[in-house]
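In what follows, a structure is listed as structure tokens, so that the remarks can point back to it.
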Amino acid sequence: MYHPPVLKNRRTLLERSEKFISDTYFTDCNLRGRLYGDTHQLTSLSVSQTAKRISYSEAVQQNFQPCKVGDAFGSTWWTCWFKVVLKIPEAWRGKEVHLRWESDGEGMLWRDEQPVQGLTKEGEKTSYILSECLKQNEPHSITLYVELACNGLFGAGQGSFIAAPDPNRKYTLQKAELVVFNRDVQELLTDFEMLVDIVKMLGEEDQRGYQALFTANEMVNLCDPTDPDSFSSARSLAQKFFSQRNGQSQHIVHAMGHCHIDSAWLWPYEETIRKCARSWVTVVRLMEKNPEFIFTCSQAQQFQWVKNWYPGLFSRIQYFVQKGQFIPVGGTWVEMDGNLPSGESMVRQFLEGQNFFKAEFGQYCKEFWLPDTFGYSAQLPQIMQGAGIDRFLTQKLSWNLVNTFPHNTFFWEGIDGSQVLTHFPPGNSYEMKGKIEDLIKTVKHNKDKGRANHSAVLFGFGDGGGGPTQLMLDRLQRVQDSDGLPRVNMSTPDRLFSELQAESGLLCTWSGELFLELHNGTYTTQAKIKLGNRRCEALLHDVEVGSCLALSQNVGFSYPTKQLQELWRLLLLNQFHDVIPGSCIEMVVEDALEYYKGNSLSLDEVHLILNTLSWDRTEVIALSEEGAQSRLGTPNLDKGHHSLYGRNLCRQTGKVLQIGIFVMRQSAEKLFCNTFVLMCFGYREAISDGCFGNQFVLFDDVPLYWDAWDVMDYHLQTRKPVVDVIKPVQVLSSGGLRGSVTFSLRISAKSSITQEVILDANCPYIKFSTQVDWAEAHKFLKVEFPVQVRSSNATYEIQFGHLQRPTHRNTSWDWVRFEVWGHKWADVSEHGFGVALLNDCKYGYSVHQNIMTLSLLRAPKAPDANADMGHHEFTYAVMPHAGSFQEASVIQHAYNLNFPLRLIPDMNNIRPWSMFTVSSAAVILETIKQAEGKNNSLVVRLFESHGSILSCFSFTDYSCDLLEQPNYSRPAEVNDSKVSLTFRPFQIISLLLRIF
């Protein structure tokens, strides 16, 4: 039925513009319902359901049962394959014909044995073009298949989209029919939409906004929805408006299609493979139709998946990469978390990613692309540059909870002084839709628009995939150069950054970490994932070192290149920014833990290693399950020998266990759960007077919304010490080389802690070997050490170095750091004395005034309702020290805690030997591995850990970058089997060593 326009003349429109803009009555009632014309039923529709994800060739062999629109399928994570048989009516010749398909699941259409388009209602892809203009010689009878995943674009959450999935949810087929699509109605709708949005964003008081309103009214007066011939006159008014050009001063927007796909999040890894295919096959079809369309895409792992599962699609992607339309970006294996992976893991992200892009597409990525991670380590600029990248794009800091980050385009400087040109899309999104709002926000929110006249707009459905649509391209095409709006160029990352670099003379510099003031719960959530990550990082390190040393002895050893690459890639995959942070569903956690388990088993099969660190170690280890102890002395990087000898360095005097100058004492007066650890260095106590060390504390932990992600500052007001004793302190070991006591505490009726407090001979720290049975809801467990140290800053280990953060809360920038991240150690020091807190798998810290706190366990309920429930084992240690943490070798002792000595049986007759020696304690030999593609060469990676300029010695041939490309113009200076190297503070140096 024809509905006459509500607003018939210019005067009425101007007086009632607010109603026009809010209701868009004319478009909704008169046009939108006319997008589709005649309809026709399918010839037949049948379905085959499976709990597994199967290939196309398997699917077409299944038994298909008749079904109809309105039927429900599934449960969640099932797959339904629909066989669609259709016949296009002859009467539709000359018309645009679509298959209209709507469901609450994610679909992919297959034609002629190839995927051709994603069909996802949430991603505004609900029809497939069978013919743009039906011709006589086109096939009218067609058989298609639709692969329907029983999950939505954002998984299968119950109520809230981040809630745990509903495993019993059913999925409904809502539409399946042939339709005639009225393209002229779509074009007119887009014109109206863009004009109305201009009025919304600019307002009637703006000249251009007024003109947009005027033009829209004129179009309403000209347009008769029942007469398509009137559409062209109305559209000509819109085209006249959009064609009015800008001046030279207008901001330039670089529009790039994008499709951020989380490698796992509210869906498992396996579903991500199909999300990539659904999204990218649609992108390829858009490129075929729109040769100006540019699409950016990161994550080598996702390309590898598509190559393996959809080789035909991957070939088309390679074709469009060569054409310059499909742009690989990022240079990493996945878009990893920017805080938690180790320095070497970050190097491998780039090494594996860049090598993949070079091998498959003939080019390295020029830009690091990390839009959606939860903060950014201050060591990333140097790591980027080592991988051949000096450009960085991200977006997430726009989520800051309190402070607005002051820049959108700037130079970011790392802890070593490396700088990279950095851009935050000022529209504060990586999934814009090409709307006027996106363009206006890009200019309005740009904090550097006086310094840089170029910005990025990334458009397309993201997170769950989907990508750009034709409608988004049509919107942007209309306003490429339209007066009153920024100029829009369909562009590439290289073009954007080249323009920014050309006008970078006035850009500001931000030095240090890019700290996200949100999602700080991700430093603790899913503790088992974090434990698996830390242990596998250490195991891979050990296996590589051991393999290289065996290789260097030329004993017929074959370096396990392929196996190590597979294990590294699994570890790197689990470092994705929704997996290692713990912000994923339970299915992903289960997958990740299985990958760690396989990693560990495989590594044990490859090699057993003794001391893989670059300094001598003397430690107490248990030789049997009965607890017999020996003092073990090892040279650095010694693979061949362990010497065992014991002396009674530990004596028991009443209830005092004393070793050297450190004291562990049971105190009846200063009772902490019947055991109080009093640490002395000489005559100075490390714990503050009147306070308890090793104090467990429990907090209420109820974030505003992002359950697994966030810890809010108000949780600090709910502190409750854990003091309920289950088992009083007992002495486990009181003689020989180890002294230890144990006790148990009750956290609640369902949760408990059992701990062994250990002091070893000649060990400068006290270890706390901890077991927790955890069954809480929205609680946060921490352990506190109030230390007798006064300092305005605490120091935290990060990748290949450390940084300082304030211990006070003077400003809002200080206050939001109430929960921060670090790696193996944190330290608080004053002149001549300090205390370090070490750990073997934790990442969350807080140091406020003199209280050092380590975050242990959380209990969020979304998106994993069972997050962290169960049994946990971990170790932390406290280390009082004289002098600075550098002088006390805190860094080395934290490595010792994380890289345990590994016994090799029956090797007593081999003499000790060392392959590498580093002359400076400030330099850490982090990695020894076989060089990529060079069987006769090793890569040795070192870094300066103290933050000072120095020289040291090693043995090598050439320096190289992090991609292991040698720098032949700067060979290392060899003198008597030694090489002199000069390090700037926190510098990473990689060396190539020919071994035969």
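Letters for chains follow the order of the structure tokens (A, B, ...), residue numbers begin at 1 for each chain, and ligand numbers begin at 1 in the order shown.
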Within segment 269-362 of chain A, find each residue whose DSSP state, derived from the backbone, is helix (DSSP H, G or I), and express the selection as a PyMOL selection string. chain A and resi 269-289+300-309+311-323+343-361
Dump as a CSV table (one decimal), in the first residue's frame, selection limited to C-alpha atoms:
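Output saved as result.csv:
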chain,number,residue,atom,x,y,z
A,269,TYR,CA,39.3,-22.2,17.6
A,270,GLU,CA,37.6,-24.5,15.2
A,271,GLU,CA,34.7,-22.1,14.6
A,272,THR,CA,37.2,-19.3,13.9
A,273,ILE,CA,38.4,-21.2,10.8
A,274,ARG,CA,34.9,-21.0,9.4
A,275,LYS,CA,34.5,-17.4,10.4
A,276,CYS,CA,37.6,-16.6,8.4
A,277,ALA,CA,36.2,-18.4,5.4
A,278,ARG,CA,32.7,-16.8,5.7
A,279,SER,CA,34.2,-13.3,6.0
A,280,TRP,CA,37.0,-13.5,3.5
A,281,VAL,CA,35.0,-15.2,0.7
A,282,THR,CA,32.6,-12.3,0.9
A,283,VAL,CA,35.4,-9.8,0.8
A,284,VAL,CA,36.8,-11.5,-2.4
A,285,ARG,CA,33.4,-11.2,-4.0
A,286,LEU,CA,33.3,-7.5,-3.1
A,287,MET,CA,36.7,-7.0,-4.7
A,288,GLU,CA,35.5,-8.7,-7.9
A,289,LYS,CA,32.7,-6.1,-8.1
A,300,ALA,CA,49.2,-15.4,9.8
A,301,GLN,CA,47.5,-18.2,11.8
A,302,GLN,CA,44.2,-17.4,10.2
A,303,PHE,CA,45.7,-17.4,6.7
A,304,GLN,CA,47.3,-20.8,7.5
A,305,TRP,CA,43.9,-22.1,8.5
A,306,VAL,CA,42.2,-20.9,5.3
A,307,LYS,CA,45.1,-22.3,3.2
A,308,ASN,CA,44.6,-25.7,4.8
A,309,TRP,CA,40.8,-25.9,4.8
A,311,PRO,CA,42.7,-23.9,-0.8
A,312,GLY,CA,40.6,-22.4,-3.6
A,313,LEU,CA,39.7,-19.4,-1.5
A,314,PHE,CA,43.3,-19.0,-0.4
A,315,SER,CA,44.4,-18.9,-4.1
A,316,ARG,CA,41.9,-16.1,-4.7
A,317,ILE,CA,43.3,-14.2,-1.7
A,318,GLN,CA,46.8,-14.6,-3.1
A,319,TYR,CA,45.6,-13.1,-6.4
A,320,PHE,CA,44.1,-10.1,-4.8
A,321,VAL,CA,47.2,-9.6,-2.5
A,322,GLN,CA,49.2,-9.3,-5.7
A,323,LYS,CA,46.7,-6.8,-7.1
A,343,GLY,CA,60.0,-11.1,25.2
A,344,GLU,CA,61.1,-14.2,23.3
A,345,SER,CA,57.5,-15.1,22.6
A,346,MET,CA,56.9,-11.7,21.1
A,347,VAL,CA,60.0,-12.1,18.9
A,348,ARG,CA,58.6,-15.5,17.7
A,349,GLN,CA,55.2,-13.9,17.0
A,350,PHE,CA,56.9,-11.7,14.5
A,351,LEU,CA,59.4,-14.3,13.2
A,352,GLU,CA,56.6,-16.9,12.5
A,353,GLY,CA,54.2,-14.2,11.2
A,354,GLN,CA,56.6,-12.3,8.9
A,355,ASN,CA,58.1,-15.5,7.5
A,356,PHE,CA,54.7,-16.8,6.6
A,357,PHE,CA,53.7,-13.6,4.9
A,358,LYS,CA,56.9,-13.5,2.9
A,359,ALA,CA,56.6,-17.2,1.9
A,360,GLU,CA,52.9,-17.0,0.9
A,361,PHE,CA,52.5,-13.4,-0.4
Could you pull out the strand (DSSP E or B) residues of segment 234-294 of chain A from DSSP and send them as a list of chain:residue names? A:Ile252, A:Val253, A:His254, A:Ala255, A:Met256, A:Gly257, A:His258, A:Ile261
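Using only C-alpha atoms, the shortest contact distance between Met869 of chain A and any of A:Val847, A:Cys223, A:Ile753, A:Ala777 is found at A:Ala777.
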Which residue is closest to Pro560 of chain A? Choose from A:Lys121, A:His808, A:Lys929, A:Arg32 and count only C-alpha atoms.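 Counting only C-alpha atoms, the residue closest to Pro560 of chain A is A:Lys929.
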Contacts of segment 93-107 of chain A at 9 Å or less, counting only C-alpha atoms, minus same-chain residues fewer than 4 places along, as a PDB file with C-alpha atoms, in the first residue's frame?
ATOM      1  CA  ILE A  88      14.246 -18.981 -11.224  1.00  0.00           C
ATOM      2  CA  PRO A  89      10.985 -18.052 -13.004  1.00  0.00           C
ATOM      3  CA  GLN A 117      29.481 -15.948   0.419  1.00  0.00           C
ATOM      4  CA  GLY A 118      28.821 -15.628   4.111  1.00  0.00           C
ATOM      5  CA  LEU A 119      25.181 -15.399   5.195  1.00  0.00           C
ATOM      6  CA  THR A 120      24.930 -13.857   8.649  1.00  0.00           C
ATOM      7  CA  LYS A 121      21.932 -11.816   9.737  1.00  0.00           C
ATOM      8  CA  GLU A 122      23.941 -10.052  12.464  1.00  0.00           C
ATOM      9  CA  LYS A 125      24.411 -10.370   4.865  1.00  0.00           C
ATOM     10  CA  THR A 126      21.064 -12.006   4.243  1.00  0.00           C
ATOM     11  CA  SER A 127      20.969 -12.460   0.490  1.00  0.00           C
ATOM     12  CA  TYR A 128      23.087 -13.920  -2.274  1.00  0.00           C
ATOM     13  CA  ILE A 129      23.009 -12.452  -5.771  1.00  0.00           C
ATOM     14  CA  LEU A 130      22.084 -15.209  -8.196  1.00  0.00           C
ATOM     15  CA  SER A 131      21.970 -12.801 -11.128  1.00  0.00           C
ATOM     16  CA  GLU A 132      22.391  -9.037 -11.391  1.00  0.00           C
ATOM     17  CA  CYS A 133      20.312  -9.028 -14.566  1.00  0.00           C
ATOM     18  CA  LEU A 134      18.833 -12.390 -15.427  1.00  0.00           C
ATOM     19  CA  LYS A 135      19.580 -13.431 -18.995  1.00  0.00           C
ATOM     20  CA  GLN A 136      18.108 -16.166 -21.135  1.00  0.00           C
ATOM     21  CA  VAL A 146      24.342 -23.680   2.940  1.00  0.00           C
ATOM     22  CA  GLU A 147      26.629 -24.620   5.826  1.00  0.00           C
ATOM     23  CA  LEU A 148      24.974 -23.262   8.959  1.00  0.00           C
ATOM     24  CA  ALA A 149      26.938 -23.005  12.210  1.00  0.00           C
ATOM     25  CA  CYS A 150      24.680 -23.244  15.247  1.00  0.00           C
ATOM     26  CA  ASN A 151      26.089 -20.129  16.850  1.00  0.00           C
ATOM     27  CA  GLY A 152      25.764 -16.434  16.231  1.00  0.00           C
ATOM     28  CA  LEU A 153      28.323 -13.828  15.252  1.00  0.00           C
ATOM     29  CA  TYR A 171      18.625 -22.147  15.826  1.00  0.00           C
ATOM     30  CA  THR A 172      15.793 -21.246  13.483  1.00  0.00           C
ATOM     31  CA  LEU A 173      15.624 -20.838   9.740  1.00  0.00           C
ATOM     32  CA  GLN A 174      13.581 -17.672   9.311  1.00  0.00           C
ATOM     33  CA  LYS A 175      13.632 -17.066   5.551  1.00  0.00           C
ATOM     34  CA  ALA A 176      14.632 -19.125   2.523  1.00  0.00           C
ATOM     35  CA  GLU A 177      13.185 -17.890  -0.771  1.00  0.00           C
ATOM     36  CA  LEU A 178      13.878 -16.463  -4.210  1.00  0.00           C
ATOM     37  CA  VAL A 179      13.285 -12.721  -4.508  1.00  0.00           C
ATOM     38  CA  VAL A 180      13.558  -9.894  -7.002  1.00  0.00           C
ATOM     39  CA  PHE A 181      15.798  -7.204  -5.564  1.00  0.00           C
ATOM     40  CA  ASN A 182      14.971  -3.586  -6.422  1.00  0.00           C
ATOM     41  CA  ARG A 183      18.398  -1.993  -6.691  1.00  0.00           C
ATOM     42  CA  LYS A 275      34.487 -17.409  10.440  1.00  0.00           C
ATOM     43  CA  ARG A 278      32.720 -16.823   5.654  1.00  0.00           C
TER      44      ARG A 278
END
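Residues with any atom within 8 Å of segment 138-144 of chain A, counting only C-alpha atoms and excluding same-chain neighbours fewer than 4 positions away, are Lys83, Val84, Val85, Leu86, Lys87, Ile88, Pro89, Glu90, Leu109, Trp110, Arg111, Asp112 and Leu134 of chain A.
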Write out, as a PDB file, in the first residue's frame, the residues just selected, with C-alpha atoms.
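Result file again09.pdb:
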ATOM      1  CA  LYS A  83      20.649 -28.593   0.294  1.00  0.00           C
ATOM      2  CA  VAL A  84      18.871 -25.832  -1.633  1.00  0.00           C
ATOM      3  CA  VAL A  85      17.321 -26.618  -5.020  1.00  0.00           C
ATOM      4  CA  LEU A  86      15.776 -23.671  -6.860  1.00  0.00           C
ATOM      5  CA  LYS A  87      14.405 -22.660 -10.215  1.00  0.00           C
ATOM      6  CA  ILE A  88      14.246 -18.981 -11.224  1.00  0.00           C
ATOM      7  CA  PRO A  89      10.985 -18.052 -13.004  1.00  0.00           C
ATOM      8  CA  GLU A  90      11.390 -17.202 -16.682  1.00  0.00           C
ATOM      9  CA  LEU A 109      26.867 -20.564   0.848  1.00  0.00           C
ATOM     10  CA  TRP A 110      28.572 -23.131  -1.389  1.00  0.00           C
ATOM     11  CA  ARG A 111      28.185 -23.192  -5.169  1.00  0.00           C
ATOM     12  CA  ASP A 112      29.994 -25.463  -7.588  1.00  0.00           C
ATOM     13  CA  LEU A 134      18.833 -12.390 -15.427  1.00  0.00           C
TER      14      LEU A 134
END
Got a sec: who's within 12 Å of His778 of chain A, counting only C-alpha atoms, leaving out chain neighbours fewer than 3 positions off, as a PyMOL selection string? chain A and resi 521+525+698-704+707-708+710-712+715+774-775+781+857-862+865-869
How would the residues just chosen look if you wrote them out with C-alpha atoms as a PDB file, in the first residue's frame?
ATOM      1  CA  GLY A 521      41.654  -8.525  35.708  1.00  0.00           C
ATOM      2  CA  THR A 525      41.934 -14.651  35.239  1.00  0.00           C
ATOM      3  CA  LEU A 698      40.304 -11.971  49.996  1.00  0.00           C
ATOM      4  CA  PHE A 699      38.336  -9.270  48.166  1.00  0.00           C
ATOM      5  CA  ASP A 700      34.856  -9.006  46.697  1.00  0.00           C
ATOM      6  CA  ASP A 701      35.300  -8.785  42.941  1.00  0.00           C
ATOM      7  CA  VAL A 702      32.202  -7.620  41.064  1.00  0.00           C
ATOM      8  CA  PRO A 703      33.065  -5.581  37.946  1.00  0.00           C
ATOM      9  CA  LEU A 704      30.609  -3.187  36.333  1.00  0.00           C
ATOM     10  CA  ASP A 707      33.457  -9.924  34.316  1.00  0.00           C
ATOM     11  CA  ALA A 708      36.555 -11.880  33.274  1.00  0.00           C
ATOM     12  CA  ASP A 710      37.959  -6.082  34.821  1.00  0.00           C
ATOM     13  CA  VAL A 711      38.919  -5.435  38.413  1.00  0.00           C
ATOM     14  CA  MET A 712      37.398  -2.196  39.704  1.00  0.00           C
ATOM     15  CA  HIS A 715      37.191  -3.873  45.306  1.00  0.00           C
ATOM     16  CA  TRP A 774      39.284 -22.800  44.802  1.00  0.00           C
ATOM     17  CA  ALA A 775      35.475 -22.778  44.530  1.00  0.00           C
ATOM     18  CA  LEU A 781      42.667 -13.848  46.332  1.00  0.00           C
ATOM     19  CA  LEU A 857      43.223 -16.159  41.768  1.00  0.00           C
ATOM     20  CA  ARG A 858      39.960 -14.652  40.563  1.00  0.00           C
ATOM     21  CA  ALA A 859      36.494 -16.180  40.169  1.00  0.00           C
ATOM     22  CA  PRO A 860      34.575 -14.449  37.337  1.00  0.00           C
ATOM     23  CA  LYS A 861      31.450 -16.052  35.892  1.00  0.00           C
ATOM     24  CA  ALA A 862      31.398 -14.708  32.339  1.00  0.00           C
ATOM     25  CA  ALA A 865      31.001 -19.784  34.405  1.00  0.00           C
ATOM     26  CA  ASN A 866      33.651 -22.169  35.763  1.00  0.00           C
ATOM     27  CA  ALA A 867      36.679 -19.915  35.387  1.00  0.00           C
ATOM     28  CA  ASP A 868      39.511 -20.889  37.759  1.00  0.00           C
ATOM     29  CA  MET A 869      37.440 -23.392  39.692  1.00  0.00           C
TER      30      MET A 869
END
Leaving out segment 764-766 of chain A and any residue of its chain fewer than 3 positions from it, which residues lie within 8 Å of it when counting only C-alpha atoms, given as a list in words?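 Within the cut-off, the hits are Phe662, Val757, Ile758, Leu759, Asp760, Ala877, Val878, Met879, Pro880 and His881 of chain A.
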Let me see the file: selected residues, N, CA and C atoms, as an mmCIF file, in the first residue's frame.
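Okay, this is what ended up in out02.cif:
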data_model
loop_
_atom_site.group_PDB
_atom_site.id
_atom_site.type_symbol
_atom_site.label_atom_id
_atom_site.label_comp_id
_atom_site.auth_asym_id
_atom_site.auth_seq_id
_atom_site.Cartn_x
_atom_site.Cartn_y
_atom_site.Cartn_z
ATOM 1 N N PHE A 662 69.909 -15.597 56.705
ATOM 2 C CA PHE A 662 68.459 -15.503 56.646
ATOM 3 C C PHE A 662 67.832 -16.352 57.726
ATOM 4 N N VAL A 757 56.520 -23.510 53.187
ATOM 5 C CA VAL A 757 57.454 -22.388 53.189
ATOM 6 C C VAL A 757 58.860 -22.968 53.252
ATOM 7 N N ILE A 758 59.695 -22.654 52.257
ATOM 8 C CA ILE A 758 60.957 -23.355 52.055
ATOM 9 C C ILE A 758 62.115 -22.377 52.085
ATOM 10 N N LEU A 759 63.154 -22.758 52.837
ATOM 11 C CA LEU A 759 64.406 -22.007 52.845
ATOM 12 C C LEU A 759 65.546 -22.978 52.575
ATOM 13 N N ASP A 760 66.252 -22.748 51.446
ATOM 14 C CA ASP A 760 67.329 -23.630 51.039
ATOM 15 C C ASP A 760 68.685 -23.016 51.350
ATOM 16 N N ALA A 877 58.095 -16.240 45.753
ATOM 17 C CA ALA A 877 59.223 -16.130 46.685
ATOM 18 C C ALA A 877 59.434 -14.671 47.041
ATOM 19 N N VAL A 878 59.961 -14.452 48.208
ATOM 20 C CA VAL A 878 60.298 -13.099 48.638
ATOM 21 C C VAL A 878 61.802 -13.048 48.895
ATOM 22 N N MET A 879 62.419 -11.975 48.415
ATOM 23 C CA MET A 879 63.876 -11.892 48.445
ATOM 24 C C MET A 879 64.324 -10.535 48.967
ATOM 25 N N PRO A 880 64.631 -10.410 50.249
ATOM 26 C CA PRO A 880 65.270 -9.179 50.735
ATOM 27 C C PRO A 880 66.704 -9.118 50.196
ATOM 28 N N HIS A 881 67.205 -7.926 49.960
ATOM 29 C CA HIS A 881 68.550 -7.839 49.408
ATOM 30 C C HIS A 881 69.215 -6.533 49.802
#
So how far away is atom CA of Gln480 of chain A from atom CA of Thr442 of chain A, in Å? 14.6 Å
Go through A:Thr404, A:Ile585, A:Leu485, A:Arg34 one by one, measure the shortest atom-to-atom distance of each to Ala212 of chain A using only C-alpha atoms, and give the residue with the smallest value.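 Going through A:Thr404, A:Ile585, A:Leu485, A:Arg34 one by one, the smallest distance to Ala212 of chain A is for A:Leu485.
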May I have the residues within 6 Å of segment 409-417 of chain A as number ranges by chain, using only C-alpha atoms and disregarding those fewer than 4 positions away in the same chain? A: 378-379, 381, 421-423, 507-512, 985-987
Using only C-alpha atoms: which of A:Ile436, A:Leu737, A:Leu397, A:Val783 has the shortest distance to Glu619 of chain A: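 Of A:Ile436, A:Leu737, A:Leu397, A:Val783, the one nearest Glu619 of chain A, counting only C-alpha atoms, is A:Leu737.
In this model, the gap between atom CA of Ala550 of chain A and atom CA of Ile995 of chain A comes to 11.3 Å.
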Using only C-alpha atoms, find the one residue out of A:Asn408, A:Thr296, A:Thr853, A:Thr332 that sits nearest to Asn453 of chain A.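 The shortest atom-to-atom distance to Asn453 of chain A comes from A:Asn408.
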